[in-house]
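Source file: data_15.cif. Holds: mmCIF, C-alpha atoms.
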```cif
data_run
#
loop_
_atom_site.label_atom_id
_atom_site.label_comp_id
_atom_site.auth_asym_id
_atom_site.auth_seq_id
_atom_site.Cartn_x
_atom_site.Cartn_y
_atom_site.Cartn_z
CA MET A 1 -10.43 -0.77 28.60
CA ALA A 2 -8.47 0.24 25.50
CA PHE A 3 -7.12 -2.36 23.09
CA ASP A 4 -3.40 -2.82 23.72
CA GLY A 5 -2.48 -4.29 20.31
CA SER A 6 -2.14 -7.81 21.57
CA PHE A 7 -3.97 -11.06 21.05
CA GLY A 8 -3.68 -13.01 24.26
CA ASP A 9 -0.05 -12.83 25.29
CA GLU A 10 1.12 -12.15 21.74
CA HIS A 11 1.64 -8.64 20.38
CA LYS A 12 0.92 -8.05 16.69
CA LEU A 13 2.88 -5.86 14.28
CA ILE A 14 1.66 -3.43 11.67
CA ALA A 15 3.14 -4.16 8.23
CA VAL A 16 3.21 -1.84 5.22
CA ILE A 17 3.65 -2.19 1.48
CA GLY A 18 3.86 1.22 -0.11
CA ASP A 19 5.74 3.89 -1.95
CA GLU A 20 8.82 5.45 -0.39
CA ASP A 21 6.98 8.38 1.23
CA THR A 22 4.31 6.16 2.80
CA VAL A 23 6.78 3.61 4.17
CA THR A 24 9.20 6.28 5.41
CA GLY A 25 6.44 8.12 7.26
CA LEU A 26 5.21 4.95 8.94
CA LEU A 27 8.75 3.88 9.87
CA LEU A 28 9.32 7.32 11.43
CA ALA A 29 6.09 6.77 13.38
CA GLY A 30 7.64 3.63 14.84
CA ILE A 31 6.14 0.62 13.06
CA GLY A 32 9.43 -0.76 11.73
CA CYS A 33 10.60 -4.12 13.00
CA THR A 34 13.30 -6.49 11.75
CA LEU A 35 13.44 -9.89 13.42
CA ASP A 36 15.50 -12.82 12.12
CA ASP A 37 16.08 -10.95 8.83
CA GLN A 38 12.30 -10.55 8.33
CA LYS A 39 11.07 -7.00 7.88
CA ASN A 40 7.50 -5.80 8.27
CA PHE A 41 7.73 -3.27 5.45
CA MET A 42 8.37 -3.09 1.71
CA VAL A 43 9.14 -0.03 -0.39
CA VAL A 44 7.70 -0.28 -3.90
CA ASP A 45 9.02 1.83 -6.76
CA ALA A 46 8.94 1.67 -10.56
CA LYS A 47 11.72 -0.97 -10.56
CA THR A 48 9.96 -3.35 -8.14
CA LYS A 49 8.79 -6.56 -9.79
CA ARG A 50 5.13 -7.42 -9.32
CA THR A 51 6.13 -10.97 -8.32
CA ASP A 52 8.19 -9.53 -5.45
CA ILE A 53 5.18 -7.52 -4.26
CA GLU A 54 2.93 -10.60 -4.51
CA GLU A 55 5.46 -12.71 -2.57
CA THR A 56 5.81 -10.08 0.16
CA PHE A 57 2.03 -9.69 0.45
CA THR A 58 1.56 -13.46 0.77
CA ASN A 59 4.34 -13.63 3.34
CA PHE A 60 2.82 -10.81 5.42
CA VAL A 61 -0.71 -12.27 5.50
CA ASN A 62 0.67 -15.66 6.54
CA ARG A 63 2.92 -14.40 9.34
CA HIS A 64 1.55 -14.96 12.83
CA ASP A 65 3.19 -11.82 14.21
CA ILE A 66 1.37 -9.38 11.87
CA GLY A 67 -2.14 -8.19 12.67
CA LEU A 68 -2.59 -5.26 10.27
CA LEU A 69 -1.25 -4.75 6.75
CA LEU A 70 -1.38 -1.27 5.26
CA ILE A 71 -1.01 -1.17 1.47
CA ASN A 72 -1.25 1.72 -0.99
CA GLN A 73 -4.41 1.31 -3.04
CA SER A 74 -2.50 1.74 -6.32
CA ILE A 75 -0.24 -1.19 -5.36
CA ALA A 76 -3.21 -3.26 -4.18
CA ASP A 77 -4.80 -2.76 -7.60
CA ASP A 78 -1.73 -4.35 -9.20
CA ILE A 79 -1.95 -7.49 -7.03
CA ARG A 80 -5.72 -7.66 -6.53
CA HIS A 81 -5.86 -11.22 -7.92
CA VAL A 82 -3.41 -12.39 -5.23
CA MET A 83 -5.32 -10.54 -2.51
CA LEU A 84 -8.58 -12.20 -3.55
CA ALA A 85 -7.02 -15.66 -3.88
CA SER A 86 -5.45 -15.40 -0.42
CA GLY A 87 -8.78 -14.67 1.24
CA ALA A 88 -7.19 -11.61 2.84
CA ILE A 89 -9.88 -9.29 1.50
CA GLY A 90 -13.22 -9.67 3.18
CA THR A 91 -14.77 -8.81 6.48
CA GLY A 92 -11.53 -7.83 8.20
CA ALA A 93 -10.07 -9.52 11.25
CA GLU A 94 -11.65 -12.88 11.83
CA LEU A 95 -11.04 -15.59 14.35
CA SER A 96 -10.72 -19.24 13.52
CA THR A 97 -9.53 -22.25 15.42
CA SER A 98 -7.10 -24.93 14.38
CA SER A 99 -5.30 -27.73 16.14
CA GLU A 100 -2.83 -25.06 17.29
CA GLY A 101 -5.59 -23.02 18.96
CA PRO A 102 -7.06 -19.63 17.98
CA LYS A 103 -5.49 -17.91 14.97
CA THR A 104 -5.94 -14.31 13.91
CA HIS A 105 -6.09 -13.28 10.29
CA VAL A 106 -4.33 -10.18 9.06
CA THR A 107 -6.59 -7.20 8.45
CA VAL A 108 -5.69 -5.51 5.15
CA LEU A 109 -6.32 -1.77 4.86
CA GLU A 110 -5.87 0.03 1.56
CA ILE A 111 -4.61 3.57 1.98
CA PRO A 112 -3.96 6.49 -0.40
CA SER A 113 -0.52 7.58 -1.47
CA LYS A 114 0.81 11.03 -2.23
CA GLU A 115 0.65 10.31 -5.96
CA SER A 116 -2.70 8.46 -6.00
CA PRO A 117 -5.62 9.68 -3.89
CA TYR A 118 -7.97 7.05 -2.47
CA ASP A 119 -10.68 5.98 -4.92
CA PRO A 120 -13.77 4.56 -3.17
CA ALA A 121 -14.96 3.01 -6.46
CA LYS A 122 -11.99 0.63 -6.33
CA ASP A 123 -12.72 -0.44 -2.74
CA PRO A 124 -13.36 -4.20 -2.89
CA THR A 125 -15.75 -4.31 0.08
#
```
Rewritten as structure tokens:
Amino acid sequence: MAFDGSFGDEHKLIAVIGDEDTVTGLLLAGIGCTLDDQKNFMVVDAKTKRTDIEETFTNFVNRHDIGLLLINQSIADDIRHVMLASGAIGTGAELSTSSEGPKTHVTVLEIPSKESPYDPAKDPT
């Protein structure tokens, strides 16, 4: 049986933090979702403040409706300290239990961009 993108009765979204080309391509592929003024994507350019990227990353990894976060490796390098502090980098999707029942953790996947090819030496795992 193929995985249907859900955890129990709850479907999970794919989120993306990336340059304009990366985000546009993924939105055209159908990952875009805006619910209650919350988007699952962020376009980063030269004018984007690092604090805004850090805030968006933290928001995405703490949202219960996101299961996978795609981030350009060059952007991940800029906020690596936040990624490490959040515990989002590690073994991938894990399962833990709390008083609210099972909780999934967001899997973070670093991807190349058009301007910056993927560098395996910078891979944190």
If we count all atoms listed in the file and set the cut-off at 10 Å, which residues sit around Gly32 of chain A, ignoring sequence neighbours fewer than 4 positions away in its own chain? Please answer as a list in words.
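So, after excluding close chain neighbours, the residues are Leu13, Ile14, Ala15, Val16, Val23, Thr24, Leu26, Leu27, Leu28, Lys39, Asn40 and Phe41 of chain A.
Across A:Ala121, A:Ile17, A:Ile66, A:Val106, the tightest approach to Ala88 of chain A is made by A:Val106 when counting all atoms listed in the file.
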Write out as a list of chain:residue names which residues come within 9 Å of Ile71 of chain A when counting all atoms listed in the file, dropping same-chain ones fewer than 2 positions away.
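The filter keeps A:Ala15, A:Val16, A:Ile17, A:Gly18, A:Leu69, A:Gln73, A:Ser74, A:Ile75, A:Ala76, A:Val108, A:Leu109, A:Glu110, A:Ile111, A:Pro112.
Nearest residue to Val61 of chain A among A:Ser113, A:Thr22, A:Gln38, A:Ser86 is A:Ser86, counting only C-alpha atoms.
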Separation of atom CA of Phe60 of chain A from atom CA of Lys122 of chain A, in Å and rounded to one decimal:
22.1 Å
Min atom-atom distance to Phe57 of chain A from the set A:Asp119, A:Ile79, A:Lys114, A:Gly87, counting only C-alpha atoms, belongs to A:Ile79
Atom CA of Asp65 of chain A to atom CA of Met42 of chain A measures 16.1 Å
Please report the interatomic distance between atom CA of Cys33 of chain A and atom CA of Val82 of chain A in Å with one decimal.
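Computing it gives 24.4 Å between the two atoms.
The residue that comes closest to Asp45 of chain A, out of A:His11, A:Asn59, A:Asp19, A:Ala29 and on the basis of all atoms listed in the file, is A:Asp19.
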Minimum-distance residue to Thr48 of chain A, chosen among A:Gly25, A:Asp78, A:His105, A:Arg63 (using all atoms listed in the file):
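Looking only at the distances to Thr48 of chain A, the closest residue turns out to be A:Asp78.
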